[in-house]
Amino acid sequence: MEAANGPKDLVAGRPWLAVEQVSRPTMTVYSPQGRNTGVGIVVLPGGGYSVLAIDLEGTEVCDWLTSRGITCVLLKYRVPDSGPAYHDDCQCNIHPKAPTALEDAQRTVGLVRFHATEWHIDPHKIGVLGFSAGGHLVANISTHFGQRSYAPVDAADRVSCRPDFAVAIYPGHMLENTTKEFELNPEIPVTAGTPPTFLLQNEDDNVDGVKQSLVYYIALKNAGVPVEMHLYAQGGHAFGLRRTKFPVTRWPELVETWLETIGMIGE
């Protein structure tokens, strides 16, 4: 684990922690403070499938969720090269032989549902929330839940790993493997079974452009999946929950309202 301390690495004036070389995935359960809504959310940090922004897009997110009566499950999934990752040496995206990040996400959602009663979670109110590469992972598990990407190992792998809802914040890798200008990555096969989804991105995001969310939004709409999208003019990429002068940093309140509108939490 190392702190990103360079001036351009600061987010809202503070450094963030990058976890590297994760060969053994772990999940950490954070129980809510005070009231319990029964909602559980698996949080998937970003980091380009090379590192994990473990505080900026992980523990800080759990602090917010648990304060709202939501059980947060922080997944430290395997990196690097556990999903499509950009490599400077070839200036290209390299796809892994095994989608280990997806495997870890499927396993985690299954485990949370399997242990739902024990962890005071409603098994029908388990969602995923991810940022950047983690946002891609949100879309990946939202469209690959019918069958595990790995050989089942125990009873937890026999329960559904379909999220009941999905939140993708500045997602990436949604335009890859396409031949047309405005087309969704075919490896994200949206169907009517894809869970209700919340999307958020900035128009000045120079890492994962706004089209990433737009093509996913259109695919979800065409499939009849409930979807809510928020686009903002400014705010860039990888801001997490840290407050800045830009309106986009009020996005957690939008997610809370959306969770009410889809019946996950009470008003």
# chains A, B, ... in the order shown; residues from 1 in each chain; ligands from 1

call {"tool": "residues_around", "arguments": {"residues": "A:Tyr232", "least_positions_apart": "3", "cutoff": "9 Å", "atoms": "only C-alpha atoms", "output": "tab-separated table (two decimals) with N, CA and C atoms, in the first residue's frame"}}
result
chain	number	residue	atom	x	y	z
A	200	LEU	N	-23.37	8.11	-13.03
A	200	LEU	CA	-22.93	9.48	-12.80
A	200	LEU	C	-21.58	9.71	-13.48
A	201	GLN	N	-21.47	10.80	-14.22
A	201	GLN	CA	-20.20	11.12	-14.87
A	201	GLN	C	-20.14	12.62	-15.20
A	202	ASN	N	-18.91	13.11	-15.36
A	202	ASN	CA	-18.69	14.50	-15.73
A	202	ASN	C	-18.31	14.63	-17.19
A	203	GLU	N	-18.75	15.71	-17.80
A	203	GLU	CA	-18.45	15.93	-19.22
A	203	GLU	C	-16.99	16.28	-19.45
A	204	ASP	N	-16.28	16.72	-18.39
A	204	ASP	CA	-14.85	17.02	-18.57
A	204	ASP	C	-13.97	15.89	-18.02
A	235	GLY	N	-15.83	18.59	-12.97
A	235	GLY	CA	-15.54	17.77	-11.80
A	235	GLY	C	-14.50	16.70	-12.07
A	246	PHE	N	-17.44	21.82	-7.03
A	246	PHE	CA	-18.31	21.42	-8.14
A	246	PHE	C	-19.59	20.74	-7.64
A	247	PRO	N	-20.72	21.03	-8.29
A	247	PRO	CA	-22.00	20.45	-7.88
A	247	PRO	C	-22.01	18.92	-7.86
A	248	VAL	N	-21.19	18.29	-8.69
A	248	VAL	CA	-21.22	16.83	-8.78
A	248	VAL	C	-20.90	16.16	-7.44

call {"tool": "residues_around", "arguments": {"residues": "A:Asn177", "least_positions_apart": "3", "cutoff": "9 Å", "atoms": "only C-alpha atoms", "output": "list in words"}}
result
Met174, Leu184, Asn185, Pro186 and Glu187 of chain A

call {"tool": "write_last_selection", "arguments": {"atoms": "N, CA and C atoms", "output": "mmCIF file, in the first residue's frame"}}
result
data_model
loop_
_atom_site.group_PDB
_atom_site.id
_atom_site.type_symbol
_atom_site.label_atom_id
_atom_site.label_comp_id
_atom_site.auth_asym_id
_atom_site.auth_seq_id
_atom_site.Cartn_x
_atom_site.Cartn_y
_atom_site.Cartn_z
ATOM 1 N N MET A 174 -16.348 0.897 -21.173
ATOM 2 C CA MET A 174 -17.670 0.612 -21.729
ATOM 3 C C MET A 174 -17.710 0.755 -23.251
ATOM 4 N N LEU A 184 -22.007 0.143 -27.205
ATOM 5 C CA LEU A 184 -21.615 -0.428 -25.920
ATOM 6 C C LEU A 184 -20.738 -1.657 -26.123
ATOM 7 N N ASN A 185 -19.745 -1.777 -25.262
ATOM 8 C CA ASN A 185 -18.879 -2.948 -25.229
ATOM 9 C C ASN A 185 -19.739 -4.222 -25.253
ATOM 10 N N PRO A 186 -19.596 -5.078 -26.259
ATOM 11 C CA PRO A 186 -20.426 -6.284 -26.329
ATOM 12 C C PRO A 186 -20.187 -7.261 -25.184
ATOM 13 N N GLU A 187 -19.109 -7.072 -24.445
ATOM 14 C CA GLU A 187 -18.863 -7.938 -23.292
ATOM 15 C C GLU A 187 -19.663 -7.493 -22.051
#

call {"tool": "residues_around", "arguments": {"residues": "stretch 137-140 of chain A", "least_positions_apart": "2", "cutoff": "7 Å", "atoms": "only C-alpha atoms", "output": "list in words"}}
result
Leu102, Val128, Leu129, Gly130, Ala133, Gly134, Gly135, Ser142, Thr143, His144, Ala166, Ala168 and Ile188 of chain A

call {"tool": "residues_around", "arguments": {"residues": "A:Tyr216", "least_positions_apart": "4", "cutoff": "10 Å", "atoms": "only C-alpha atoms", "output": "ChimeraX atom specification"}}
result
/A:139,171,174-175,183-185,188,190,197,199,211-212,220-222,227,229

call {"tool": "write_last_selection", "arguments": {"atoms": "C-alpha atoms", "output": "JSON list (two decimals), in the first residue's frame"}}
result
[["chain", "number", "residue", "atom", "x", "y", "z"],
["A", 139, "ALA", "CA", -21.70, -3.28, -15.11],
["A", 171, "PRO", "CA", -17.34, 3.95, -15.17],
["A", 174, "MET", "CA", -17.67, 0.61, -21.73],
["A", 175, "LEU", "CA", -16.59, 1.48, -25.28],
["A", 183, "GLU", "CA", -21.70, 1.46, -29.23],
["A", 184, "LEU", "CA", -21.61, -0.43, -25.92],
["A", 185, "ASN", "CA", -18.88, -2.95, -25.23],
["A", 188, "ILE", "CA", -21.47, -6.04, -21.23],
["A", 190, "VAL", "CA", -27.46, -5.91, -21.11],
["A", 197, "THR", "CA", -28.87, 1.22, -12.29],
["A", 199, "LEU", "CA", -25.02, 6.37, -13.45],
["A", 211, "LYS", "CA", -19.80, 8.45, -23.58],
["A", 212, "GLN", "CA", -18.97, 5.58, -21.22],
["A", 220, "LEU", "CA", -30.33, -0.15, -20.31],
["A", 221, "LYS", "CA", -33.22, 1.97, -21.59],
["A", 222, "ASN", "CA", -33.57, -0.19, -24.68],
["A", 227, "VAL", "CA", -31.99, 3.64, -14.98],
["A", 229, "MET", "CA", -28.28, 9.10, -15.03]]

call {"tool": "select_by_dssp", "arguments": {"residues": "stretch 21-203 of chain A", "states": "strand (DSSP E)", "output": "PyMOL selection string"}}
result
chain A and resi 26-30+40-44+51-53+71-76+85-87+92-94+126-131+165-169+197-202

call {"tool": "closest_atom_pairs", "arguments": {"of": "stretch 148-247 of chain A", "to": "stretch 51-61 of chain A", "cutoff": "10 Å", "atoms": "only C-alpha atoms", "output": "tab-separated table"}}
result
residue	atom	partner	partner_atom	distance
A:Ile169	CA	A:Glu57	CA	10.0
A:Ala238	CA	A:Glu57	CA	8.2
A:Phe239	CA	A:Leu56	CA	7.6
A:Gly240	CA	A:Glu57	CA	5.4
A:Leu241	CA	A:Val61	CA	6.9
A:Arg242	CA	A:Leu56	CA	7.8

call {"tool": "closest_atom_pairs", "arguments": {"of": "stretch 98-141 of chain A", "to": "stretch 17-23 of chain A", "cutoff": "12 Å", "atoms": "only C-alpha atoms", "output": "tab-separated table"}}
result
residue	atom	partner	partner_atom	distance
A:Thr100	CA	A:Ser23	CA	9.9
A:Ala101	CA	A:Val22	CA	10.6
A:Asp104	CA	A:Ser23	CA	11.2

call {"tool": "write_last_selection", "arguments": {"atoms": "all heavy atoms", "output": "PDB file, in the first residue's frame"}}
result
ATOM      1  N   THR A 100     -10.551 -12.296 -13.115  1.00  0.00           N
ATOM      2  CA  THR A 100     -10.512 -12.556 -11.674  1.00  0.00           C
ATOM      3  C   THR A 100     -11.249 -11.502 -10.851  1.00  0.00           C
ATOM      4  O   THR A 100     -11.788 -11.807  -9.788  1.00  0.00           O
ATOM      5  CB  THR A 100      -9.060 -12.708 -11.182  1.00  0.00           C
ATOM      6  OG1 THR A 100      -8.279 -11.600 -11.650  1.00  0.00           O
ATOM      7  CG2 THR A 100      -8.446 -13.993 -11.709  1.00  0.00           C
ATOM      8  N   ALA A 101     -11.291 -10.259 -11.320  1.00  0.00           N
ATOM      9  CA  ALA A 101     -12.052  -9.237 -10.590  1.00  0.00           C
ATOM     10  C   ALA A 101     -13.541  -9.589 -10.603  1.00  0.00           C
ATOM     11  O   ALA A 101     -14.229  -9.467  -9.586  1.00  0.00           O
ATOM     12  CB  ALA A 101     -11.816  -7.858 -11.189  1.00  0.00           C
ATOM     13  N   ASP A 104     -14.171 -12.386  -8.223  1.00  0.00           N
ATOM     14  CA  ASP A 104     -14.187 -11.904  -6.832  1.00  0.00           C
ATOM     15  C   ASP A 104     -15.502 -11.190  -6.510  1.00  0.00           C
ATOM     16  O   ASP A 104     -16.052 -11.351  -5.407  1.00  0.00           O
ATOM     17  CB  ASP A 104     -13.009 -10.966  -6.585  1.00  0.00           C
ATOM     18  CG  ASP A 104     -11.660 -11.662  -6.741  1.00  0.00           C
ATOM     19  OD1 ASP A 104     -11.628 -12.915  -6.730  1.00  0.00           O
ATOM     20  OD2 ASP A 104     -10.642 -10.951  -6.883  1.00  0.00           O
TER      21      ASP A 104
END

call {"tool": "atom_distance", "arguments": {"atom1": "atom CA of A:His230", "atom2": "atom CA of A:Thr244"}}
result
17.2 Å

call {"tool": "residues_around", "arguments": {"residues": "stretch 109-126 of chain A", "least_positions_apart": "4", "cutoff": "9 Å", "atoms": "only C-alpha atoms", "output": "PyMOL selection string"}}
result
chain A and resi 29+31+36-42+70-71+73+104-105+155-165+264-265

call {"tool": "atom_distance", "arguments": {"atom1": "atom CA of A:Gly34", "atom2": "atom CA of A:Ser67"}}
result
7.8 Å

call {"tool": "closest_residue", "arguments": {"among": "A:Ser132, A:Thr26, A:Thr194, A:Gln91", "to": "A:Thr108", "atoms": "only C-alpha atoms"}}
result
A:Thr26

call {"tool": "atom_distance", "arguments": {"atom1": "atom CA of A:His87", "atom2": "atom CA of A:Leu10"}}
result
22.5 Å

call {"tool": "closest_residue", "arguments": {"among": "A:Ala151, A:Arg14, A:Phe145, A:Glu228", "to": "A:Thr261", "atoms": "only C-alpha atoms"}}
result
A:Glu228
